[in-house]
Amino acid sequence: MKIGFIGAGKVGFSLGKYFSENGLEISGYYSRSESSARGAAAFTGSALFVSAEELVSSVDTVFLTVPDSTIKATYNSLPKELLCGRQICHCSGAMSVMETFPNIAEYGAKGTSIHPLFPISSKTESYKELSNAFFCIEGDCAGEWSAVLSGMGNPTRIITSEIKSRYHASCSVASNLVCGLMAESVELLEQCGFTADEALAALEPLAMSNMKRIFDVGPISALTGPVERNDVSTVKKHIACISGGTNADIYRAVSEKLTEMAKERHPQADYTEMEKILR
């Protein structure tokens, strides 16, 4: 398999380096930013291509590591006569192969989506942790890529295009939405006189211990705090001191979910009053 990348951002850099370090052949990169493609090629020990056409002609597997909003347009810009016998891949968790590569079978090509459940935040450092990533794969060559990635030691799951949006929502809740919750927590401590750095330092052991507990025993068994204890008085105080609007809505919405979990954990308890104040 000769792999080429169109797009030389964080995902292109990271996947190219990770693949090359695990024995896959990286032919090189093309990007509208020649300097980015040159950097990615140097980073992975591969070639710089001066056009997308040249890259596609030189490889059998093309990764479109461009922003989600431009995947389909990038695919549509490729000369269709060059696609026959090739595999076109993207790394979007939210978009399906059918959505991004319409009519790909008509051109004799195959389409695959390969999404790492991992926050790729650095061009040059994130690849070092990709061995820990879970990959979800969808499309024509899902089985082939599942075998390749499993051979690297990565757990994989083949999913269908119909569940792609729901799947990606799950990923966003576990990753991006947590950032919003932590930002709210930091703001509340800043209102108590902490600096942002002090707040993060104080919250880290609490958050990390709780996160570890969640993955050890599951979210319901890990649940603690005033909602789980059915401590209506404390929850009322929280609502009173959190400013209205979005912040209060976040607290109420997440606490309603916690109430559902608490009811499952303590089926004999009566959470009617808790539900009333949250709604």
# chains A, B, ... in the order shown; residues from 1 in each chain; ligands from 1
$ select_by_dssp --residues "stretch 80-217 of chain A" --states "alpha helix (DSSP H)" --output "PyMOL selection string"
chain A and resi 97-100+142-151+164-174+176-190+196-217
$ select_by_dssp --residues "stretch 134-270 of chain A" --states "strand (DSSP E)" --output "list in words"
Phe134, Phe135, Cys136, Ile137, Glu138, Gly139, Thr156, Arg157 and Ile158 of chain A
$ closest_residue --among "A:Ser185, A:Thr160, A:Ser121, A:Ser170" --to "A:Leu200" --atoms "only C-alpha atoms"
A:Ser185
$ closest_residue --among "A:Lys123, A:Lys237, A:Arg265, A:Lys276" --to "A:Ala222" --atoms "only C-alpha atoms"
A:Arg265
